[in-house]
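Enquirer: Input final-v3.tsv, format and content: TSV, C-alpha atoms.
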chain	number	residue	atom	x	y	z
A	1	MET	CA	-5.56	75.58	-23.20
A	2	PRO	CA	-9.31	76.38	-23.38
A	3	LYS	CA	-11.59	73.34	-23.35
A	4	ASN	CA	-12.56	73.62	-27.02
A	5	GLU	CA	-9.09	74.52	-28.27
A	6	ILE	CA	-8.21	70.87	-28.81
A	7	TYR	CA	-10.73	70.76	-31.63
A	8	ARG	CA	-8.75	73.39	-33.48
A	9	VAL	CA	-5.55	71.38	-33.37
A	10	LYS	CA	-4.93	69.98	-36.82
A	11	LYS	CA	-4.91	66.22	-36.44
A	12	ASP	CA	-2.50	64.24	-38.58
A	13	ASP	CA	-2.41	60.46	-38.88
A	14	SER	CA	0.84	60.00	-36.97
A	15	LYS	CA	0.85	57.77	-33.93
A	16	GLU	CA	2.72	60.45	-31.98
A	17	SER	CA	-0.02	62.99	-32.71
A	18	GLN	CA	-2.73	60.63	-31.51
A	19	LEU	CA	-0.90	59.84	-28.27
A	20	ARG	CA	-0.37	63.57	-27.71
A	21	LEU	CA	-4.10	64.19	-28.10
A	22	LEU	CA	-4.88	61.39	-25.65
A	23	ASP	CA	-2.61	63.05	-23.08
A	24	GLU	CA	-3.96	66.55	-23.77
A	25	VAL	CA	-7.52	65.52	-22.97
A	26	VAL	CA	-6.44	64.91	-19.35
A	27	GLU	CA	-5.03	68.42	-19.13
A	28	ILE	CA	-8.20	69.97	-20.55
A	29	SER	CA	-10.91	68.12	-18.62
A	30	GLU	CA	-10.84	67.82	-14.84
A	31	ASN	CA	-13.18	64.83	-15.25
A	32	ILE	CA	-10.61	62.69	-17.06
A	33	PRO	CA	-7.76	61.24	-14.98
A	34	TYR	CA	-4.88	59.33	-16.52
A	35	PHE	CA	-5.93	55.72	-17.04
A	36	ARG	CA	-3.07	54.42	-14.92
A	37	ASP	CA	-4.20	56.65	-12.03
A	38	LYS	CA	-7.77	55.40	-12.45
A	39	LEU	CA	-6.55	51.84	-12.07
A	40	LEU	CA	-4.63	52.69	-8.91
A	41	HIS	CA	-7.55	54.59	-7.36
A	42	SER	CA	-9.71	51.54	-8.05
A	43	GLY	CA	-7.31	49.31	-6.13
A	44	ILE	CA	-5.69	47.75	-9.22
A	45	THR	CA	-1.95	47.96	-8.56
A	46	ASN	CA	-0.86	45.04	-10.75
A	47	PHE	CA	-1.93	45.30	-14.39
A	48	LYS	CA	0.08	42.42	-15.78
A	49	PRO	CA	-0.70	39.37	-17.94
A	50	VAL	CA	-2.37	36.33	-16.41
A	51	GLY	CA	-1.41	34.04	-19.29
A	52	LEU	CA	-0.93	33.75	-23.04
A	53	GLU	CA	-3.95	32.14	-24.68
A	54	ILE	CA	-4.35	34.19	-27.85
A	55	ILE	CA	-1.98	35.44	-30.52
A	56	GLN	CA	-3.65	38.02	-32.74
A	57	ILE	CA	-1.88	38.59	-36.04
A	58	ASN	CA	-2.44	41.51	-38.40
A	59	LEU	CA	-1.76	40.24	-41.92
A	60	GLY	CA	-1.78	43.72	-43.42
A	61	LYS	CA	-3.64	46.98	-43.87
A	62	LEU	CA	-4.85	46.31	-47.40
A	63	CYS	CA	-8.65	46.11	-47.49
A	64	ASN	CA	-11.40	46.32	-50.08
A	65	GLN	CA	-13.28	48.72	-47.78
A	66	ALA	CA	-12.46	51.93	-45.93
A	67	CYS	CA	-14.90	52.10	-42.99
A	68	TYR	CA	-15.04	55.43	-41.18
A	69	HIS	CA	-14.65	53.88	-37.71
A	70	CYS	CA	-11.65	51.70	-38.72
A	71	HIS	CA	-8.90	52.03	-36.10
A	72	VAL	CA	-6.44	50.36	-38.51
A	73	ASN	CA	-6.87	53.01	-41.21
A	74	ALA	CA	-7.18	50.11	-43.62
A	75	GLY	CA	-8.20	50.61	-47.24
A	76	PRO	CA	-7.70	49.70	-50.91
A	77	ASN	CA	-4.59	51.88	-51.25
A	78	ARG	CA	-2.63	50.48	-48.31
A	79	THR	CA	0.44	48.44	-49.19
A	80	GLU	CA	1.55	47.12	-45.77
A	81	MET	CA	1.53	43.31	-45.84
A	82	MET	CA	2.98	40.63	-43.54
A	83	SER	CA	5.72	38.59	-45.19
A	84	GLN	CA	5.76	34.81	-45.35
A	85	GLU	CA	8.95	34.92	-43.27
A	86	ASN	CA	7.19	36.66	-40.39
A	87	LEU	CA	4.17	34.38	-40.75
A	88	GLN	CA	6.49	31.38	-40.42
A	89	LEU	CA	7.95	32.91	-37.25
A	90	CYS	CA	4.39	33.17	-35.91
A	91	ILE	CA	3.75	29.49	-36.72
A	92	ASP	CA	6.98	28.47	-34.97
A	93	ILE	CA	5.95	30.39	-31.84
A	94	ILE	CA	2.39	29.05	-31.87
A	95	GLU	CA	3.78	25.52	-31.99
A	96	LYS	CA	6.66	25.97	-29.54
A	97	TYR	CA	4.62	27.66	-26.82
A	98	ASP	CA	1.39	25.77	-27.51
A	99	ILE	CA	-0.70	28.92	-27.96
A	100	PRO	CA	-4.26	27.57	-28.41
A	101	VAL	CA	-6.00	30.46	-30.25
A	102	VAL	CA	-4.85	32.14	-33.47
A	103	ASP	CA	-6.82	35.32	-34.22
A	104	ILE	CA	-6.22	36.55	-37.78
A	105	THR	CA	-7.07	40.12	-38.67
A	106	GLY	CA	-6.27	42.97	-41.08
A	107	GLY	CA	-7.30	45.00	-43.17
A	108	ALA	CA	-8.92	42.19	-45.03
A	109	PRO	CA	-6.53	39.38	-44.02
A	110	GLU	CA	-7.67	37.28	-46.98
A	111	MET	CA	-5.91	39.73	-49.31
A	112	ASN	CA	-2.51	38.65	-48.01
A	113	PRO	CA	-1.10	36.24	-50.64
A	114	TYR	CA	-0.01	33.80	-47.90
A	115	PHE	CA	-3.34	33.82	-46.06
A	116	ARG	CA	-4.57	30.36	-47.07
A	117	TRP	CA	-1.16	28.82	-46.53
A	118	PHE	CA	-1.03	30.30	-43.03
A	119	VAL	CA	-4.52	29.02	-42.13
A	120	GLU	CA	-3.57	25.55	-43.41
A	121	GLU	CA	-0.42	25.51	-41.26
A	122	CYS	CA	-2.38	26.55	-38.16
A	123	PHE	CA	-4.99	23.89	-38.94
A	124	LYS	CA	-2.25	21.24	-39.01
A	125	LEU	CA	-1.35	22.33	-35.47
A	126	ASP	CA	-4.98	21.78	-34.42
A	127	ARG	CA	-5.42	25.32	-33.19
A	128	ARG	CA	-8.63	27.28	-32.81
A	129	ILE	CA	-8.48	29.60	-35.82
A	130	ILE	CA	-10.40	32.88	-35.90
A	131	VAL	CA	-10.62	35.05	-39.02
A	132	ARG	CA	-12.03	38.57	-38.84
A	133	CYS	CA	-13.80	38.80	-42.18
A	134	ASN	CA	-15.55	41.88	-43.58
A	135	LEU	CA	-17.93	39.62	-45.62
A	136	THR	CA	-17.82	41.73	-48.79
A	137	ILE	CA	-14.40	40.27	-49.61
A	138	PHE	CA	-16.17	37.15	-50.96
A	139	PHE	CA	-17.41	39.20	-53.91
A	140	GLU	CA	-14.28	41.25	-54.58
A	141	ASN	CA	-13.23	38.86	-57.34
A	142	GLU	CA	-13.58	35.19	-58.25
A	143	LYS	CA	-10.65	33.92	-56.22
A	144	TYR	CA	-12.42	34.86	-52.98
A	145	LEU	CA	-15.71	33.10	-53.78
A	146	SER	CA	-14.25	29.82	-52.54
A	147	LEU	CA	-13.44	31.26	-49.10
A	148	PRO	CA	-16.61	30.01	-47.33
A	149	LYS	CA	-15.81	26.41	-48.32
A	150	PHE	CA	-12.15	26.93	-47.39
A	151	TYR	CA	-13.26	28.20	-43.97
A	152	ALA	CA	-15.60	25.27	-43.45
A	153	ASP	CA	-12.95	22.72	-44.51
A	154	HIS	CA	-10.52	24.16	-41.95
A	155	LYS	CA	-13.09	24.77	-39.17
A	156	VAL	CA	-12.32	28.47	-39.15
A	157	GLU	CA	-14.35	30.58	-36.73
A	158	VAL	CA	-15.63	33.57	-38.68
A	159	ILE	CA	-16.13	36.93	-36.95
A	160	SER	CA	-17.70	39.61	-39.12
A	161	SER	CA	-18.63	43.25	-38.61
A	162	LEU	CA	-22.26	44.20	-39.16
A	163	PRO	CA	-22.95	47.59	-37.57
A	164	CYS	CA	-26.72	47.23	-37.91
A	165	TYR	CA	-29.46	45.02	-39.33
A	166	ILE	CA	-30.83	48.11	-41.11
A	167	GLU	CA	-29.34	48.81	-44.54
A	168	ASP	CA	-28.95	52.59	-44.33
A	169	ASN	CA	-27.28	52.46	-40.91
A	170	THR	CA	-24.71	49.90	-42.04
A	171	ASP	CA	-23.93	51.68	-45.31
A	172	LYS	CA	-23.33	54.98	-43.48
A	173	VAL	CA	-20.54	53.31	-41.52
A	174	ARG	CA	-19.06	50.94	-44.09
A	175	GLY	CA	-19.96	52.33	-47.51
A	176	LYS	CA	-22.80	52.24	-50.02
A	177	GLY	CA	-23.91	48.75	-51.01
A	178	VAL	CA	-22.00	47.02	-48.19
A	179	PHE	CA	-25.13	45.87	-46.36
A	180	LYS	CA	-26.59	43.98	-49.33
A	181	LYS	CA	-23.26	42.25	-50.00
A	182	SER	CA	-22.93	41.41	-46.31
A	183	ILE	CA	-26.38	39.82	-46.26
A	184	GLU	CA	-25.52	37.71	-49.31
A	185	ALA	CA	-22.24	36.69	-47.68
A	186	LEU	CA	-24.01	35.65	-44.47
A	187	LYS	CA	-26.48	33.57	-46.48
A	188	LEU	CA	-23.55	31.94	-48.25
A	189	LEU	CA	-21.90	31.08	-44.93
A	190	ASN	CA	-25.20	29.70	-43.65
A	191	SER	CA	-25.39	27.46	-46.72
A	192	PHE	CA	-22.13	25.82	-45.63
A	193	GLY	CA	-23.54	25.25	-42.14
A	194	TYR	CA	-22.10	28.31	-40.42
A	195	GLY	CA	-24.13	29.79	-37.56
A	196	ARG	CA	-26.46	26.84	-37.31
A	197	ASN	CA	-26.09	23.46	-35.59
A	198	ASP	CA	-22.48	22.54	-36.28
A	199	GLU	CA	-20.31	23.42	-33.28
A	200	ASN	CA	-17.26	23.49	-35.56
A	201	LEU	CA	-18.70	26.17	-37.85
A	202	ILE	CA	-19.01	29.27	-35.69
A	203	LEU	CA	-20.26	32.54	-37.14
A	204	ASN	CA	-20.18	35.55	-34.82
A	205	LEU	CA	-21.09	39.13	-35.68
A	206	VAL	CA	-19.57	42.35	-34.36
A	207	TYR	CA	-21.57	45.46	-33.50
A	208	ASN	CA	-19.91	48.86	-33.22
A	209	PRO	CA	-21.98	51.94	-32.29
A	210	ALA	CA	-22.49	54.21	-35.29
A	211	GLY	CA	-21.79	57.38	-33.32
A	212	ALA	CA	-20.09	58.86	-30.26
A	213	TYR	CA	-21.87	56.74	-27.67
A	214	ILE	CA	-21.46	53.51	-25.74
A	215	ALA	CA	-23.50	50.51	-26.85
A	216	GLY	CA	-26.25	49.00	-24.74
A	217	PRO	CA	-25.94	45.54	-23.12
A	218	GLN	CA	-24.59	42.94	-25.52
A	219	HIS	CA	-27.17	40.31	-24.58
A	220	SER	CA	-30.11	42.56	-25.49
A	221	LEU	CA	-28.48	43.60	-28.76
A	222	GLU	CA	-27.87	39.98	-29.68
A	223	ILE	CA	-31.55	39.11	-29.25
A	224	GLU	CA	-32.53	42.11	-31.37
A	225	PHE	CA	-30.07	41.23	-34.15
A	226	LYS	CA	-31.05	37.56	-34.21
A	227	GLN	CA	-34.77	38.30	-34.40
A	228	ASN	CA	-34.41	40.86	-37.20
A	229	LEU	CA	-31.88	38.99	-39.34
A	230	LYS	CA	-33.85	35.74	-39.05
A	231	SER	CA	-37.29	37.18	-39.72
A	232	THR	CA	-36.21	39.45	-42.57
A	233	TYR	CA	-33.42	37.50	-44.29
A	234	GLY	CA	-33.50	33.98	-42.83
A	235	ILE	CA	-29.98	34.42	-41.46
A	236	ASP	CA	-28.61	32.58	-38.43
A	237	PHE	CA	-25.47	33.31	-36.43
A	238	ASN	CA	-24.04	32.20	-33.08
A	239	LYS	CA	-23.16	35.27	-31.03
A	240	LEU	CA	-23.09	39.04	-31.29
A	241	PHE	CA	-20.01	40.82	-29.95
A	242	SER	CA	-20.47	44.43	-28.91
A	243	ILE	CA	-17.22	46.39	-29.22
A	244	THR	CA	-16.72	49.96	-28.06
A	245	ASN	CA	-15.26	52.31	-30.63
A	246	MET	CA	-11.77	53.32	-29.54
A	247	PRO	CA	-10.59	56.95	-29.88
A	248	VAL	CA	-7.90	55.86	-32.34
A	249	SER	CA	-7.23	56.64	-36.03
A	250	ARG	CA	-10.39	57.29	-38.08
A	251	PHE	CA	-12.76	57.24	-35.12
A	252	LEU	CA	-10.55	59.72	-33.28
A	253	ASP	CA	-10.68	61.94	-36.35
A	254	TYR	CA	-14.49	61.60	-36.39
A	255	LEU	CA	-14.68	62.61	-32.72
A	256	MET	CA	-12.52	65.65	-33.39
A	257	ARG	CA	-14.47	66.78	-36.45
A	258	THR	CA	-17.83	66.46	-34.66
A	259	ASN	CA	-16.66	68.13	-31.42
A	260	ASN	CA	-17.38	64.95	-29.44
A	261	TYR	CA	-13.86	64.03	-28.36
A	262	ILE	CA	-13.83	65.29	-24.77
A	263	SER	CA	-17.43	64.32	-24.00
A	264	TYR	CA	-16.88	60.84	-25.41
A	265	ILE	CA	-13.82	60.20	-23.23
A	266	GLU	CA	-15.71	61.60	-20.23
A	267	ASN	CA	-18.52	59.13	-20.88
A	268	LEU	CA	-16.03	56.27	-21.02
A	269	VAL	CA	-14.45	57.42	-17.74
A	270	ASN	CA	-17.85	57.65	-16.04
A	271	ALA	CA	-18.61	54.10	-17.15
A	272	PHE	CA	-15.25	52.71	-15.96
A	273	ASN	CA	-15.67	49.26	-14.42
A	274	PRO	CA	-12.75	47.76	-12.45
A	275	VAL	CA	-14.16	44.26	-12.95
A	276	ALA	CA	-14.09	44.79	-16.70
A	277	ALA	CA	-10.53	46.10	-16.39
A	278	MET	CA	-9.36	42.84	-14.85
A	279	GLY	CA	-10.88	40.97	-17.79
A	280	ALA	CA	-9.19	43.11	-20.44
A	281	MET	CA	-7.96	41.21	-23.50
A	282	CYS	CA	-4.40	42.53	-23.12
A	283	LEU	CA	-3.99	40.31	-20.05
A	284	ASN	CA	-4.14	37.01	-21.94
A	285	MET	CA	-3.07	37.84	-25.50
A	286	ILE	CA	-0.30	39.28	-27.62
A	287	SER	CA	-0.78	41.28	-30.80
A	288	VAL	CA	1.56	41.03	-33.81
A	289	SER	CA	1.72	43.81	-36.40
A	290	TRP	CA	2.10	43.27	-40.15
A	291	ASP	CA	5.85	43.96	-39.83
A	292	GLY	CA	6.32	41.51	-36.96
A	293	TYR	CA	6.37	43.75	-33.90
A	294	LEU	CA	4.69	42.80	-30.63
A	295	TYR	CA	2.03	44.82	-28.82
A	296	ASP	CA	-0.27	44.37	-25.84
A	297	CYS	CA	-3.34	44.69	-28.05
A	298	ASP	CA	-4.52	45.72	-31.51
A	299	PHE	CA	-5.24	49.28	-30.36
A	300	ASN	CA	-1.80	49.77	-28.82
A	301	GLN	CA	-0.47	48.50	-32.14
A	302	MET	CA	-2.21	51.29	-34.03
A	303	LEU	CA	-0.73	53.83	-31.61
A	304	GLY	CA	2.80	52.44	-31.94
A	305	MET	CA	2.96	51.39	-28.27
A	306	LYS	CA	5.28	48.35	-28.51
A	307	ILE	CA	5.54	45.99	-25.54
A	308	ASN	CA	8.24	46.79	-23.01
A	309	LYS	CA	8.82	50.15	-24.71
A	310	GLY	CA	10.37	48.42	-27.69
A	311	PHE	CA	12.83	46.14	-25.85
A	312	LYS	CA	12.76	42.70	-27.50
A	313	ALA	CA	9.59	43.78	-29.25
A	314	HIS	CA	9.96	41.85	-32.52
A	315	ILE	CA	8.57	38.38	-33.07
A	316	SER	CA	12.08	37.18	-33.99
A	317	GLU	CA	13.06	37.92	-30.35
A	318	PHE	CA	9.96	36.28	-28.83
A	319	ASP	CA	10.49	35.56	-25.13
A	320	LYS	CA	7.44	34.10	-23.40
A	321	GLN	CA	8.75	34.65	-19.88
A	322	MET	CA	9.44	38.30	-20.62
A	323	ILE	CA	5.97	38.66	-22.14
A	324	LEU	CA	4.28	37.17	-19.08
A	325	LYS	CA	6.25	39.41	-16.71
A	326	ARG	CA	5.72	42.64	-18.66
A	327	GLU	CA	3.75	45.64	-17.46
A	328	VAL	CA	0.95	46.36	-19.93
A	329	SER	CA	1.30	49.74	-21.66
A	330	VAL	CA	-1.77	51.94	-21.21
A	331	SER	CA	-3.12	55.34	-22.24
A	332	GLN	CA	-6.49	57.08	-22.20
A	333	HIS	CA	-7.90	54.97	-25.06
A	334	CYS	CA	-7.90	52.04	-22.59
A	335	TYR	CA	-11.06	53.50	-21.03
A	336	GLY	CA	-12.84	52.08	-24.08
A	337	CYS	CA	-12.05	48.49	-23.05
A	338	THR	CA	-13.05	49.04	-19.43
A	339	ALA	CA	-16.37	50.88	-19.73
A	340	GLY	CA	-19.60	49.17	-18.70
A	341	GLY	CA	-19.46	45.46	-19.45
A	342	GLY	CA	-16.02	45.85	-20.95
A	343	SER	CA	-14.96	45.58	-24.56
A	344	SER	CA	-12.61	43.15	-26.24
A	345	CYS	CA	-12.15	41.54	-29.63
A	346	ASN	CA	-14.66	38.97	-28.37
A	347	GLY	CA	-17.18	41.50	-27.09
A	348	GLU	CA	-18.10	42.22	-23.49
A	349	THR	CA	-15.73	40.86	-20.87
A	350	ILE	CA	-18.40	40.59	-18.20
A	351	LEU	CA	-22.08	39.78	-18.66
A	352	ILE	CA	-24.54	42.64	-18.20
A	353	ASN	CA	-28.20	41.94	-18.98
What do you get writing this file as structure tokens?

Expert:
Amino acid sequence: MPKNEIYRVKKDDSKESQLRLLDEVVEISENIPYFRDKLLHSGITNFKPVGLEIIQINLGKLCNQACYHCHVNAGPNRTEMMSQENLQLCIDIIEKYDIPVVDITGGAPEMNPYFRWFVEECFKLDRRIIVRCNLTIFFENEKYLSLPKFYADHKVEVISSLPCYIEDNTDKVRGKGVFKKSIEALKLLNSFGYGRNDENLILNLVYNPAGAYIAGPQHSLEIEFKQNLKSTYGIDFNKLFSITNMPVSRFLDYLMRTNNYISYIENLVNAFNPVAAMGAMCLNMISVSWDGYLYDCDFNQMLGMKINKGFKAHISEFDKQMILKREVSVSQHCYGCTAGGGSSCNGETILIN
């Protein structure tokens, strides 16, 4: 297949189609080896979990936004939603296996009708609770305006996406008017003590590059964001997490439409860092989909790559020993987590100044 022929392949939204495209890029470019081979050539022969510290739970794909880089394909018209039954199974597992960190995501997880109940149950277990909040949800309707106080009362760590401290740049990624609402939401969180001097009220921001490139060092970006948000809007936050855009779902579609797919993967391969690979988030976490299935990470979830190739892959069959002994499932999108300083749901995995 000629190098540019892949751009002519009609991309559908199926997980099988995306995985096929990830495999085809290896056949087209001599500069892109299979990720598993890259690990082996770097001396990494054992890519298995080192523990289970984090359970990340997707409460559903319903969202009040439809960001173009969203790997979940979330949006206002999605109907997938985690049931209370599956949420209760998650609580049982968190308690039984003493999993210390509960990372709640979506979509907009707050739109799940059992969201507050679930947070309250995790709070009773004295867990570290993280909610990935898009900020604009506070203003979707009146019932969400009380969320900042609810978060503060339950010591929820808030992680929010803000692609840029410049209005136009953020709105291009997340939609018109999103930046202004996000700024108001951050001010609201600050008013409850978030991002300031209370160690129990953590507010972290997430930066994703707006195009087909890898972000600069996280530390430098954090300084830049803090200076600009403070001087212009009086906003404080704790940390900035820099996350590489994965060639999955909407961002994969963007790469295809702009003829950047092959070059983007090649850039990720060239930036591969074996130290970052050994700090990958899939080695100490498990990801749970809205319908209760288990995955190595959120990105594998969106590609339908269940743990252990689907064997005992539902939360109702949770087996910690099996999970700790499993071989992590990988494909070419994994280059995104292992480029440069690494990328995880908590930003870089190694510090690069």

Enquirer: From the list A:Leu62, A:Ile137, A:Ile262, A:Met302, which residue is nearest Glu27 (chain A) when using only C-alpha atoms?

Expert: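 Smallest separation from Glu27 (chain A) among the options: A:Ile262.
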
Enquirer: One number please: CA of Phe118 (chain A) to CA of Lys15 (chain A), in Å, one decimal.

Expert: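 Value for the CA of Phe118 (chain A)-CA of Lys15 (chain A) distance: 29.0 Å.
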
Enquirer: Sorted by chain and rising residue number, list the residues of region 76-146 of chain A at most 9 Å from region 49-56 of chain A (counting all atoms listed in the file), each with its closest atom pair and distance in Å to one decimal, as JSON lines.

Expert:
{"residue": "A:Cys90", "atom": "CA", "partner": "A:Ile55", "partner_atom": "CA", "distance": 8.6}
{"residue": "A:Ile94", "atom": "CA", "partner": "A:Ile55", "partner_atom": "CA", "distance": 7.9}
{"residue": "A:Asp98", "atom": "CA", "partner": "A:Glu53", "partner_atom": "CA", "distance": 8.8}
{"residue": "A:Ile99", "atom": "CA", "partner": "A:Glu53", "partner_atom": "CA", "distance": 5.6}
{"residue": "A:Pro100", "atom": "CA", "partner": "A:Glu53", "partner_atom": "CA", "distance": 5.9}
{"residue": "A:Val101", "atom": "CA", "partner": "A:Ile54", "partner_atom": "CA", "distance": 4.7}
{"residue": "A:Val102", "atom": "CA", "partner": "A:Ile55", "partner_atom": "CA", "distance": 5.3}
{"residue": "A:Asp103", "atom": "CA", "partner": "A:Gln56", "partner_atom": "CA", "distance": 4.4}
{"residue": "A:Ile104", "atom": "CA", "partner": "A:Gln56", "partner_atom": "CA", "distance": 5.8}
{"residue": "A:Thr105", "atom": "CA", "partner": "A:Gln56", "partner_atom": "CA", "distance": 7.2}

Enquirer: Dump as a tab-separated table the rows for residues of region 13-86 of chain A within 6 Å of region 326-332 of chain A: closest atom pair and distance in Å with one decimal, only C-alpha atoms counted, ordered by chain and rising residue number.

Expert:
residue	atom	partner	partner_atom	distance
A:Leu22	CA	A:Gln332	CA	5.8
A:Phe35	CA	A:Gln332	CA	5.4
A:Lys48	CA	A:Glu327	CA	5.2

Enquirer: Smallest atom-to-atom distance to Asn31 (chain A): which of A:Glu167, A:Asp291, A:Asp319, A:Glu266, using only C-alpha atoms?

Expert: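 Closest residue, counting only C-alpha atoms: A:Glu266.
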
Enquirer: Need to verify the contact set: region 177-186 of chain A, 12 Å, all atoms listed in the file, exclusion of same-chain residues closer than 6 positions in sequence. Can you return it as a PDB file with C-alpha atoms, in the coordinates of the input?

Expert:
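selection.pdb, freshly written:
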ATOM      1  CA  ASN A  64     -11.400  46.320 -50.080  1.00  0.00           C
ATOM      2  CA  GLN A  65     -13.280  48.720 -47.780  1.00  0.00           C
ATOM      3  CA  ALA A  66     -12.460  51.930 -45.930  1.00  0.00           C
ATOM      4  CA  CYS A  67     -14.900  52.100 -42.990  1.00  0.00           C
ATOM      5  CA  CYS A 133     -13.800  38.800 -42.180  1.00  0.00           C
ATOM      6  CA  ASN A 134     -15.550  41.880 -43.580  1.00  0.00           C
ATOM      7  CA  LEU A 135     -17.930  39.620 -45.620  1.00  0.00           C
ATOM      8  CA  THR A 136     -17.820  41.730 -48.790  1.00  0.00           C
ATOM      9  CA  ILE A 137     -14.400  40.270 -49.610  1.00  0.00           C
ATOM     10  CA  PHE A 138     -16.170  37.150 -50.960  1.00  0.00           C
ATOM     11  CA  PHE A 139     -17.410  39.200 -53.910  1.00  0.00           C
ATOM     12  CA  GLU A 140     -14.280  41.250 -54.580  1.00  0.00           C
ATOM     13  CA  TYR A 144     -12.420  34.860 -52.980  1.00  0.00           C
ATOM     14  CA  LEU A 145     -15.710  33.100 -53.780  1.00  0.00           C
ATOM     15  CA  SER A 146     -14.250  29.820 -52.540  1.00  0.00           C
ATOM     16  CA  LEU A 147     -13.440  31.260 -49.100  1.00  0.00           C
ATOM     17  CA  PRO A 148     -16.610  30.010 -47.330  1.00  0.00           C
ATOM     18  CA  VAL A 158     -15.630  33.570 -38.680  1.00  0.00           C
ATOM     19  CA  ILE A 159     -16.130  36.930 -36.950  1.00  0.00           C
ATOM     20  CA  SER A 160     -17.700  39.610 -39.120  1.00  0.00           C
ATOM     21  CA  SER A 161     -18.630  43.250 -38.610  1.00  0.00           C
ATOM     22  CA  LEU A 162     -22.260  44.200 -39.160  1.00  0.00           C
ATOM     23  CA  PRO A 163     -22.950  47.590 -37.570  1.00  0.00           C
ATOM     24  CA  CYS A 164     -26.720  47.230 -37.910  1.00  0.00           C
ATOM     25  CA  TYR A 165     -29.460  45.020 -39.330  1.00  0.00           C
ATOM     26  CA  ILE A 166     -30.830  48.110 -41.110  1.00  0.00           C
ATOM     27  CA  GLU A 167     -29.340  48.810 -44.540  1.00  0.00           C
ATOM     28  CA  ASP A 168     -28.950  52.590 -44.330  1.00  0.00           C
ATOM     29  CA  ASN A 169     -27.280  52.460 -40.910  1.00  0.00           C
ATOM     30  CA  THR A 170     -24.710  49.900 -42.040  1.00  0.00           C
ATOM     31  CA  ASP A 171     -23.930  51.680 -45.310  1.00  0.00           C
ATOM     32  CA  PHE A 192     -22.130  25.820 -45.630  1.00  0.00           C
ATOM     33  CA  GLY A 193     -23.540  25.250 -42.140  1.00  0.00           C
ATOM     34  CA  TYR A 194     -22.100  28.310 -40.420  1.00  0.00           C
ATOM     35  CA  GLY A 195     -24.130  29.790 -37.560  1.00  0.00           C
ATOM     36  CA  ARG A 196     -26.460  26.840 -37.310  1.00  0.00           C
ATOM     37  CA  ILE A 202     -19.010  29.270 -35.690  1.00  0.00           C
ATOM     38  CA  LEU A 203     -20.260  32.540 -37.140  1.00  0.00           C
ATOM     39  CA  ASN A 204     -20.180  35.550 -34.820  1.00  0.00           C
ATOM     40  CA  LEU A 205     -21.090  39.130 -35.680  1.00  0.00           C
ATOM     41  CA  LEU A 229     -31.880  38.990 -39.340  1.00  0.00           C
ATOM     42  CA  LYS A 230     -33.850  35.740 -39.050  1.00  0.00           C
ATOM     43  CA  THR A 232     -36.210  39.450 -42.570  1.00  0.00           C
ATOM     44  CA  TYR A 233     -33.420  37.500 -44.290  1.00  0.00           C
ATOM     45  CA  GLY A 234     -33.500  33.980 -42.830  1.00  0.00           C
ATOM     46  CA  ILE A 235     -29.980  34.420 -41.460  1.00  0.00           C
ATOM     47  CA  ASP A 236     -28.610  32.580 -38.430  1.00  0.00           C
ATOM     48  CA  PHE A 237     -25.470  33.310 -36.430  1.00  0.00           C
ATOM     49  CA  ASN A 238     -24.040  32.200 -33.080  1.00  0.00           C
TER      50      ASN A 238
END

Enquirer: Between CA of Pro274 (chain A) and CA of Ser344 (chain A), what is the distance, to one decimal in Å?

Expert: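 So the two atoms, CA of Pro274 (chain A) and CA of Ser344 (chain A), lie 14.5 Å apart.
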
Enquirer: Can region 104-112 of chain A be brought up to N, CA and C atoms and written out as a CSV table (one decimal), in the frame of the given file?

Expert:
chain,number,residue,atom,x,y,z
A,104,ILE,N,-6.8,35.9,-36.6
A,104,ILE,CA,-6.2,36.6,-37.8
A,104,ILE,C,-7.0,37.8,-38.2
A,105,THR,N,-6.4,38.9,-38.4
A,105,THR,CA,-7.1,40.1,-38.7
A,105,THR,C,-6.3,40.9,-39.7
A,106,GLY,N,-6.9,42.1,-40.1
A,106,GLY,CA,-6.3,43.0,-41.1
A,106,GLY,C,-6.6,44.4,-40.8
A,107,GLY,N,-6.9,45.2,-41.8
A,107,GLY,CA,-7.3,45.0,-43.2
A,107,GLY,C,-8.2,43.8,-43.4
A,108,ALA,N,-8.3,43.4,-44.7
A,108,ALA,CA,-8.9,42.2,-45.0
A,108,ALA,C,-7.8,41.1,-45.1
A,109,PRO,N,-7.7,40.3,-44.1
A,109,PRO,CA,-6.5,39.4,-44.0
A,109,PRO,C,-6.5,38.4,-45.2
A,110,GLU,N,-7.6,38.2,-45.8
A,110,GLU,CA,-7.7,37.3,-47.0
A,110,GLU,C,-6.9,37.8,-48.2
A,111,MET,N,-6.6,39.1,-48.2
A,111,MET,CA,-5.9,39.7,-49.3
A,111,MET,C,-4.4,39.5,-49.2
A,112,ASN,N,-3.9,39.0,-48.1
A,112,ASN,CA,-2.5,38.6,-48.0
A,112,ASN,C,-2.3,37.4,-48.9
